[in-house]
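Colleague: Sharing upload.cif, mmCIF, C-alpha atoms and all ligand atoms:
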```cif
data_target
loop_
_atom_site.group_PDB
_atom_site.id
_atom_site.type_symbol
_atom_site.label_atom_id
_atom_site.label_comp_id
_atom_site.auth_asym_id
_atom_site.auth_seq_id
_atom_site.Cartn_x
_atom_site.Cartn_y
_atom_site.Cartn_z
ATOM 1 C CA MET A 1 126.700 105.675 89.557
ATOM 2 C CA ILE A 2 123.073 104.759 90.175
ATOM 3 C CA LYS A 3 122.115 101.189 89.242
ATOM 4 C CA TYR A 4 118.481 101.236 88.140
ATOM 5 C CA LYS A 5 116.667 97.933 88.624
ATOM 6 C CA THR A 6 114.513 95.942 86.226
ATOM 7 C CA LYS A 7 111.031 94.813 87.287
ATOM 8 C CA GLU A 8 112.455 91.306 87.764
ATOM 9 C CA GLU A 9 115.178 92.597 90.068
ATOM 10 C CA ILE A 10 112.612 94.597 92.029
ATOM 11 C CA GLU A 11 110.551 91.433 92.601
ATOM 12 C CA ILE A 12 113.651 89.668 93.968
ATOM 13 C CA MET A 13 114.406 92.674 96.168
ATOM 14 C CA ARG A 14 110.845 92.678 97.486
ATOM 15 C CA GLN A 15 111.496 89.207 98.951
ATOM 16 C CA SER A 16 114.642 90.441 100.717
ATOM 17 C CA SER A 17 112.789 93.465 102.101
ATOM 18 C CA LEU A 18 109.866 91.290 103.230
ATOM 19 C CA LEU A 19 112.177 88.921 105.083
ATOM 20 C CA VAL A 20 113.411 91.949 107.041
ATOM 21 C CA SER A 21 109.767 92.939 107.657
ATOM 22 C CA LYS A 22 108.931 89.441 108.930
ATOM 23 C CA THR A 23 112.010 89.432 111.151
ATOM 24 C CA LEU A 24 110.945 92.735 112.745
ATOM 25 C CA GLY A 25 107.420 91.324 113.095
ATOM 26 C CA MET A 26 108.782 88.204 114.816
ATOM 27 C CA LEU A 27 110.762 90.383 117.252
ATOM 28 C CA THR A 28 107.883 92.718 118.122
ATOM 29 C CA LYS A 29 106.443 90.666 120.991
ATOM 30 C CA GLU A 30 109.964 90.220 122.412
ATOM 31 C CA VAL A 31 110.617 93.962 122.615
ATOM 32 C CA LYS A 32 109.502 94.645 126.193
ATOM 33 C CA PRO A 33 110.992 95.701 129.532
ATOM 34 C CA GLY A 34 113.688 93.208 130.532
ATOM 35 C CA ALA A 35 114.443 92.078 126.961
ATOM 36 C CA ILE A 36 118.158 91.561 126.301
ATOM 37 C CA PRO A 37 119.175 93.180 122.989
ATOM 38 C CA LYS A 38 121.845 90.520 122.437
ATOM 39 C CA LYS A 39 119.145 87.802 122.651
ATOM 40 C CA LEU A 40 117.005 89.683 120.127
ATOM 41 C CA ASP A 41 120.025 89.651 117.840
ATOM 42 C CA GLN A 42 120.388 85.866 118.151
ATOM 43 C CA LEU A 43 116.666 85.359 117.496
ATOM 44 C CA ALA A 44 116.881 87.519 114.380
ATOM 45 C CA GLU A 45 119.914 85.692 113.001
ATOM 46 C CA GLU A 46 118.239 82.287 113.457
ATOM 47 C CA PHE A 47 115.002 83.503 111.902
ATOM 48 C CA ILE A 48 116.725 84.957 108.853
ATOM 49 C CA ARG A 49 118.784 81.809 108.240
ATOM 50 C CA ASP A 50 115.722 79.555 108.795
ATOM 51 C CA ASN A 51 113.927 81.554 106.107
ATOM 52 C CA GLY A 52 116.622 81.220 103.464
ATOM 53 C CA GLY A 53 118.455 84.506 103.924
ATOM 54 C CA GLU A 54 121.715 85.652 105.419
ATOM 55 C CA PRO A 55 122.115 88.490 107.899
ATOM 56 C CA GLY A 56 122.943 91.535 105.780
ATOM 57 C CA PHE A 57 124.861 93.572 108.354
ATOM 58 C CA LEU A 58 126.888 90.789 109.999
ATOM 59 C CA GLY A 59 130.494 91.168 108.824
ATOM 60 C CA LEU A 60 129.704 94.170 106.625
ATOM 61 C CA TYR A 61 132.337 96.857 107.373
ATOM 62 C CA GLY A 62 133.213 94.578 110.334
ATOM 63 C CA CYS A 63 129.729 94.790 111.878
ATOM 64 C CA PRO A 64 129.550 92.175 114.679
ATOM 65 C CA SER A 65 125.768 91.694 114.707
ATOM 66 C CA THR A 66 122.645 90.898 112.710
ATOM 67 C CA LEU A 67 120.698 93.816 114.189
ATOM 68 C CA LEU A 68 121.621 97.360 115.081
ATOM 69 C CA ILE A 69 119.645 98.270 118.197
ATOM 70 C CA SER A 70 119.638 101.954 119.070
ATOM 71 C CA THR A 71 117.950 102.901 122.326
ATOM 72 C CA ASN A 72 116.827 106.353 123.531
ATOM 73 C CA GLN A 73 119.648 108.858 122.803
ATOM 74 C CA THR A 74 121.296 106.439 120.360
ATOM 75 C CA VAL A 75 120.294 107.469 116.845
ATOM 76 C CA VAL A 76 121.602 104.486 114.864
ATOM 77 C CA HIS A 77 124.332 101.809 114.791
ATOM 78 C CA GLY A 78 123.838 100.704 118.401
ATOM 79 C CA LEU A 79 125.383 97.264 118.969
ATOM 80 C CA PRO A 80 123.198 94.638 120.690
ATOM 81 C CA VAL A 81 124.237 94.629 124.346
ATOM 82 C CA GLU A 82 123.453 92.501 127.408
ATOM 83 C CA LYS A 83 121.887 95.447 129.268
ATOM 84 C CA PRO A 84 118.102 94.867 129.321
ATOM 85 C CA LEU A 85 115.606 97.283 127.817
ATOM 86 C CA GLU A 86 113.667 99.276 130.398
ATOM 87 C CA ASP A 87 110.102 100.466 130.718
ATOM 88 C CA GLY A 88 109.813 103.817 128.921
ATOM 89 C CA ASP A 89 112.681 103.205 126.471
ATOM 90 C CA VAL A 90 112.344 103.626 122.744
ATOM 91 C CA THR A 91 114.542 101.459 120.573
ATOM 92 C CA SER A 92 115.185 101.448 116.850
ATOM 93 C CA ILE A 93 115.803 97.973 115.486
ATOM 94 C CA ASP A 94 117.520 98.083 112.121
ATOM 95 C CA CYS A 95 117.871 94.818 110.205
ATOM 96 C CA GLY A 96 119.505 93.826 106.933
ATOM 97 C CA VAL A 97 119.074 90.676 104.873
ATOM 98 C CA LEU A 98 120.937 89.319 101.867
ATOM 99 C CA MET A 99 118.901 86.859 99.825
ATOM 100 C CA ASN A 100 119.183 85.799 96.182
ATOM 101 C CA GLY A 101 122.012 88.291 95.769
ATOM 102 C CA TYR A 102 120.053 91.392 96.857
ATOM 103 C CA TYR A 103 119.797 93.295 100.100
ATOM 104 C CA GLY A 104 116.818 94.377 102.173
ATOM 105 C CA ASP A 105 117.390 96.967 104.907
ATOM 106 C CA HIS A 106 114.737 98.475 107.111
ATOM 107 C CA ALA A 107 114.035 99.689 110.602
ATOM 108 C CA PHE A 108 111.317 100.543 113.113
ATOM 109 C CA THR A 109 111.475 102.390 116.418
ATOM 110 C CA PHE A 110 109.619 100.422 119.086
ATOM 111 C CA GLU A 111 108.091 101.645 122.337
ATOM 112 C CA VAL A 112 109.197 99.572 125.337
ATOM 113 C CA GLY A 113 106.395 99.467 127.895
ATOM 114 C CA GLU A 114 104.867 102.838 128.724
ATOM 115 C CA VAL A 115 106.579 105.697 126.895
ATOM 116 C CA ALA A 116 106.287 109.423 127.730
ATOM 117 C CA ASP A 117 103.937 111.415 125.495
ATOM 118 C CA ASP A 118 106.630 113.754 124.168
ATOM 119 C CA VAL A 119 108.735 110.775 123.049
ATOM 120 C CA LYS A 120 105.696 109.097 121.494
ATOM 121 C CA ASN A 121 105.184 112.280 119.474
ATOM 122 C CA LEU A 122 108.798 112.157 118.255
ATOM 123 C CA LEU A 123 108.163 108.627 116.939
ATOM 124 C CA LYS A 124 104.901 109.653 115.311
ATOM 125 C CA VAL A 125 106.449 112.629 113.541
ATOM 126 C CA THR A 126 109.487 110.623 112.392
ATOM 127 C CA LYS A 127 107.215 108.007 110.856
ATOM 128 C CA GLU A 128 105.188 110.761 109.186
ATOM 129 C CA CYS A 129 108.461 112.145 107.785
ATOM 130 C CA LEU A 130 109.193 108.732 106.249
ATOM 131 C CA TYR A 131 105.861 108.586 104.407
ATOM 132 C CA LEU A 132 106.042 112.236 103.322
ATOM 133 C CA ALA A 133 109.448 111.436 101.826
ATOM 134 C CA ILE A 134 108.132 108.339 100.052
ATOM 135 C CA ASP A 135 105.307 110.451 98.566
ATOM 136 C CA GLN A 136 107.986 112.461 96.736
ATOM 137 C CA MET A 137 109.318 109.415 94.873
ATOM 138 C CA HIS A 138 107.635 110.061 91.542
ATOM 139 C CA THR A 139 109.645 110.228 88.323
ATOM 140 C CA GLY A 140 110.583 113.799 87.550
ATOM 141 C CA ARG A 141 110.775 114.920 91.166
ATOM 142 C CA ARG A 142 114.167 115.178 92.830
ATOM 143 C CA LEU A 143 116.202 114.032 95.801
ATOM 144 C CA GLY A 144 116.049 117.570 97.195
ATOM 145 C CA ASP A 145 112.233 117.366 97.232
ATOM 146 C CA LEU A 146 112.454 114.194 99.342
ATOM 147 C CA GLY A 147 114.934 115.720 101.781
ATOM 148 C CA TYR A 148 112.914 118.913 102.009
ATOM 149 C CA ALA A 149 109.730 116.988 102.841
ATOM 150 C CA ILE A 150 111.437 115.351 105.825
ATOM 151 C CA GLN A 151 113.233 118.455 107.044
ATOM 152 C CA ALA A 152 110.231 120.769 106.777
ATOM 153 C CA HIS A 153 107.949 118.407 108.700
ATOM 154 C CA ALA A 154 110.485 117.655 111.460
ATOM 155 C CA GLU A 155 111.652 121.226 111.969
ATOM 156 C CA LYS A 156 108.061 122.530 112.069
ATOM 157 C CA GLN A 157 107.712 120.487 115.292
ATOM 158 C CA GLY A 158 111.001 121.833 116.660
ATOM 159 C CA TYR A 159 112.860 118.568 116.057
ATOM 160 C CA GLY A 160 116.356 118.106 114.642
ATOM 161 C CA VAL A 161 117.376 116.345 111.415
ATOM 162 C CA VAL A 162 120.634 114.407 111.618
ATOM 163 C CA ARG A 163 123.028 115.476 108.845
ATOM 164 C CA GLU A 164 125.903 113.019 109.193
ATOM 165 C CA LEU A 165 123.907 109.897 108.312
ATOM 166 C CA VAL A 166 121.730 109.443 105.253
ATOM 167 C CA GLY A 167 119.571 106.986 103.358
ATOM 168 C CA HIS A 168 120.950 105.261 100.293
ATOM 169 C CA GLY A 169 120.429 103.282 97.131
ATOM 170 C CA LEU A 170 119.988 99.549 97.682
ATOM 171 C CA GLY A 171 120.633 96.492 95.524
ATOM 172 C CA LYS A 172 123.407 93.942 95.150
ATOM 173 C CA THR A 173 125.286 96.028 97.683
ATOM 174 C CA MET A 174 123.883 97.475 100.891
ATOM 175 C CA HIS A 175 124.888 101.052 100.193
ATOM 176 C CA GLU A 176 124.641 102.174 96.589
ATOM 177 C CA ASP A 177 124.359 105.589 94.998
ATOM 178 C CA PRO A 178 122.670 107.912 95.517
ATOM 179 C CA GLN A 179 123.062 109.128 99.067
ATOM 180 C CA VAL A 180 119.657 110.216 100.366
ATOM 181 C CA PRO A 181 119.943 113.117 102.840
ATOM 182 C CA ASN A 182 117.030 113.766 105.183
ATOM 183 C CA TYR A 183 117.303 117.484 104.432
ATOM 184 C CA GLY A 184 117.424 119.454 101.227
ATOM 185 C CA LYS A 185 116.067 122.091 98.906
ATOM 186 C CA GLN A 186 113.073 121.655 96.656
ATOM 187 C CA GLY A 187 113.870 121.256 92.964
ATOM 188 C CA ARG A 188 117.518 120.379 93.640
ATOM 189 C CA GLY A 189 119.492 117.161 93.293
ATOM 190 C CA LYS A 190 119.186 114.093 91.114
ATOM 191 C CA LYS A 191 115.911 113.520 89.266
ATOM 192 C CA PHE A 192 114.021 110.345 90.164
ATOM 193 C CA GLN A 193 113.839 107.728 87.419
ATOM 194 C CA GLU A 194 112.031 104.461 86.849
ATOM 195 C CA GLY A 195 113.745 101.499 88.548
ATOM 196 C CA LEU A 196 115.363 103.495 91.343
ATOM 197 C CA VAL A 197 115.395 101.573 94.654
ATOM 198 C CA LEU A 198 116.109 103.514 97.820
ATOM 199 C CA ALA A 199 116.380 102.865 101.529
ATOM 200 C CA VAL A 200 114.796 106.020 102.965
ATOM 201 C CA GLU A 201 115.517 106.473 106.661
ATOM 202 C CA PRO A 202 114.772 109.705 108.509
ATOM 203 C CA MET A 203 116.729 110.076 111.756
ATOM 204 C CA ILE A 204 115.021 112.740 113.841
ATOM 205 C CA THR A 205 116.069 114.105 117.232
ATOM 206 C CA MET A 206 114.165 115.749 120.052
ATOM 207 C CA GLY A 207 116.911 118.318 120.697
ATOM 208 C CA THR A 208 120.008 119.246 118.751
ATOM 209 C CA HIS A 209 120.553 117.585 115.371
ATOM 210 C CA LYS A 210 124.221 117.151 116.247
ATOM 211 C CA VAL A 211 125.546 113.673 116.981
ATOM 212 C CA LYS A 212 128.673 112.007 118.363
ATOM 213 C CA GLN A 213 130.221 108.609 117.761
ATOM 214 C CA LEU A 214 131.012 106.568 120.871
ATOM 215 C CA ALA A 215 134.335 104.861 121.599
ATOM 216 C CA ASP A 216 133.086 101.493 120.233
ATOM 217 C CA GLY A 217 133.398 102.998 116.744
ATOM 218 C CA TRP A 218 129.746 102.215 115.948
ATOM 219 C CA THR A 219 127.186 103.794 118.250
ATOM 220 C CA ILE A 220 125.915 107.227 117.161
ATOM 221 C CA ASP A 221 124.312 109.222 119.987
ATOM 222 C CA THR A 222 122.722 112.656 120.040
ATOM 223 C CA LEU A 223 125.198 115.251 121.317
ATOM 224 C CA ASP A 224 122.739 116.399 124.024
ATOM 225 C CA ASN A 225 121.664 112.832 124.902
ATOM 226 C CA LYS A 226 118.025 113.608 124.119
ATOM 227 C CA PRO A 227 116.026 110.842 122.392
ATOM 228 C CA ALA A 228 116.095 110.131 118.656
ATOM 229 C CA ALA A 229 113.859 108.101 116.358
ATOM 230 C CA HIS A 230 114.564 106.218 113.127
ATOM 231 C CA PHE A 231 112.211 104.543 110.655
ATOM 232 C CA GLU A 232 113.310 103.015 107.353
ATOM 233 C CA HIS A 233 111.561 101.533 104.334
ATOM 234 C CA ASN A 234 112.768 100.188 100.975
ATOM 235 C CA ILE A 235 111.000 101.788 98.033
ATOM 236 C CA ALA A 236 111.157 101.191 94.284
ATOM 237 C CA ILE A 237 109.907 103.513 91.564
ATOM 238 C CA VAL A 238 107.573 101.394 89.432
ATOM 239 C CA ASN A 239 105.428 102.873 86.651
ATOM 240 C CA GLY A 240 106.546 106.322 87.769
ATOM 241 C CA LYS A 241 105.306 105.919 91.337
ATOM 242 C CA PRO A 242 106.706 104.809 94.685
ATOM 243 C CA GLU A 243 106.121 101.193 95.652
ATOM 244 C CA ILE A 244 107.091 100.276 99.208
ATOM 245 C CA LEU A 245 108.826 96.874 99.147
ATOM 246 C CA SER A 246 109.022 96.502 102.925
ATOM 247 C CA THR A 247 106.066 96.654 105.324
ATOM 248 C CA PHE A 248 105.362 97.435 108.972
ATOM 249 C CA ASP A 249 102.224 95.262 108.844
ATOM 250 C CA TYR A 250 103.864 92.299 110.625
ATOM 251 C CA ILE A 251 104.775 94.656 113.456
ATOM 252 C CA TYR A 252 101.271 96.122 113.636
ATOM 253 C CA GLN A 253 99.734 92.623 113.595
ATOM 254 C CA ALA A 254 101.943 91.581 116.513
ATOM 255 C CA LEU A 255 101.017 94.772 118.382
ATOM 256 C CA GLY A 256 97.323 94.200 117.637
ATOM 257 C CA THR A 257 96.941 97.611 116.029
ATOM 258 C CA THR A 258 95.599 98.454 112.612
ATOM 259 C CA GLU A 259 97.805 101.481 112.282
ATOM 260 C CA PHE A 260 98.277 102.767 108.772
ATOM 261 C CA PRO A 261 100.498 103.355 107.006
HETATM 262 MG MG MG B 301 118.876 100.107 107.972
HETATM 263 MG MG MG B 302 119.781 101.801 105.511
#
```
Here is a file; write its structure as structure tokens.

Modeller:
Amino acid sequence: MIKYKTKEEIEIMRQSSLLVSKTLGMLTKEVKPGAIPKKLDQLAEEFIRDNGGEPGFLGLYGCPSTLLISTNQTVVHGLPVEKPLEDGDVTSIDCGVLMNGYYGDHAFTFEVGEVADDVKNLLKVTKECLYLAIDQMHTGRRLGDLGYAIQAHAEKQGYGVVRELVGHGLGKTMHEDPQVPNYGKQGRGKKFQEGLVLAVEPMITMGTHKVKQLADGWTIDTLDNKPAAHFEHNIAIVNGKPEILSTFDYIYQALGTTEFP
């Protein structure tokens, strides 16, 4: 059952989403060749607690960390390891926060040092998919329209759309109804209504869309070990239109770019 949020709840949720945004912004300068993912995880946990939140992932379904750090062929759910990031890597940092009883949950794929042009393009297209999906979140349109927008854009470039993992509703629990597939058919699925809050998170691959879970029970890699990208925002439908509660602006400020959106 979908739990639609009041305007008051959406304002509380915005603060949770923004604490995730600030955490990712704080980490941005640390994401460089030689960075230890496990250290990034510790920094994030401290930052979240110092700012009045609790790590949203830690302990959830037994998750051992504050961040999920997914590098290169890892699509999502990578656990923070001691192995340093290397020049040319791309790494998705996914972060959750619980504050005032509501979750924020968003993610950005970072370039580590100098990244190959074809991988840069994968990141660019995945981020475009995210905003094309958000543009569908008007009352009266449907979940299938959102999934179609992602799938059409990714597949046009020859990229794969992961099927096994999806976006989700967000609120007092991390994963609420509805599930939000990154593929779909126009005009199909649940109609969008006022007060819906979603975590939209395209996971796009350079090769096959098929994935495998590693022996740690968490890490999801592409089956062909080609790179993947993952961007996530939290969006509410307010006055019939999408309102993005999270922001990449802290990341862009740290990078010294004025990239939009
Ligand atoms: Mg996430
Ligand atoms: Mg999510």

Colleague: Enumerate residues in contact with ligand MG 301 (chain B): an atom-to-atom distance of at most 9 Å, counting all atoms listed in the file. Format the result as number ranges by chain.

Modeller: A: 57, 68, 76-77, 93-96, 104-107, 167, 199-201, 231-233

Colleague: I need the residue nearest ligand MG 302 (chain B) from this list: A:Tyr4, A:Ile235, A:Glu82, A:Asp145. Use only C-alpha atoms and all ligand atoms for the distance.

Modeller: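 Counting only C-alpha atoms and all ligand atoms, the residue closest to ligand MG 302 (chain B) is A:Ile235.
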
Colleague: Skipping near chain neighbours, those fewer than 3 positions away, what residues fall within 8 Å of range 224-226 of chain A using only C-alpha atoms, listed as a PyMOL selection string?

Modeller: chain A and resi 72-74+205-208+210+221

Colleague: What is the CA of Glu86 in chain A-CA of Lys124 in chain A distance in Å, reported with one decimal?

Modeller: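 These atoms are spaced 20.3 Å apart.
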
Colleague: In Å, rounded to a single decimal, give me how far CA of Leu18 in chain A is from CA of Thr6 in chain A.

Modeller: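 It comes out at 18.2 Å.
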
Colleague: What separation in Å, quoted to one decimal, exists between CA of Lys39 in chain A and CA of Ser21 in chain A?

Modeller: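 Between CA of Lys39 in chain A and CA of Ser21 in chain A the gap works out to 18.4 Å.
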
Colleague: Applying the PyMOL selection byres (((chain A and resi 160) around 10) and not hetatm) to the file I just gave you, which residues come out? Please list them as a list in words.

Modeller: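 Matching residues under the PyMOL selection byres (((chain A and resi 160) around 10) and not hetatm) are Gln151, Ala154, Glu155, Lys156, Gln157, Gly158, Tyr159, Val161, Val162, Arg163, Met203, Ile204, Thr205, Met206, Gly207, Thr208, His209, Lys210, Thr222 and Ala228 of chain A.
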
Colleague: Could you tell me which of A:Tyr131, A:Phe110, A:Tyr103, A:Tyr183 comes closest to Ile244 in chain A if we count all atoms listed in the file?

Modeller: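 Residue with the minimum atom-to-atom distance to Ile244 in chain A: A:Tyr131.
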
Colleague: With the file shown as input, list the residues that the PyMOL selection byres (((chain A and resi 245-255) around 8) and not hetatm) selects, as a list in words.

Modeller: Met13, Arg14, Ser17, Leu18, Val20, Ser21, Lys22, Leu24, Gly25, Met26, Thr28, Lys29, His106, Phe108, His233, Asn234, Ile235, Ala236, Glu243, Ile244, Gly256, Thr257, Thr258, Glu259 and Pro261 of chain A

Colleague: Once the PyMOL selection byres (((chain A and resi 81) around 12) and not hetatm) has been evaluated on this model, what residues remain selected, and can you format them as a VMD selection string?

Modeller: chain A and resid 35 to 42 64 to 65 67 to 71 77 to 80 82 to 85 216 219

Colleague: Got time to write the residues from that selection, C-alpha atoms, as a compact mmCIF listing (two decimals), keeping the file's coordinate frame?

Modeller:
```txt
# COMPACT_ATOMS: atom_id res chain seq x y z
CA ALA A 35 114.44 92.08 126.96
CA ILE A 36 118.16 91.56 126.30
CA PRO A 37 119.18 93.18 122.99
CA LYS A 38 121.84 90.52 122.44
CA LYS A 39 119.14 87.80 122.65
CA LEU A 40 117.00 89.68 120.13
CA ASP A 41 120.02 89.65 117.84
CA GLN A 42 120.39 85.87 118.15
CA PRO A 64 129.55 92.18 114.68
CA SER A 65 125.77 91.69 114.71
CA LEU A 67 120.70 93.82 114.19
CA LEU A 68 121.62 97.36 115.08
CA ILE A 69 119.64 98.27 118.20
CA SER A 70 119.64 101.95 119.07
CA THR A 71 117.95 102.90 122.33
CA HIS A 77 124.33 101.81 114.79
CA GLY A 78 123.84 100.70 118.40
CA LEU A 79 125.38 97.26 118.97
CA PRO A 80 123.20 94.64 120.69
CA GLU A 82 123.45 92.50 127.41
CA LYS A 83 121.89 95.45 129.27
CA PRO A 84 118.10 94.87 129.32
CA LEU A 85 115.61 97.28 127.82
CA ASP A 216 133.09 101.49 120.23
CA THR A 219 127.19 103.79 118.25
```
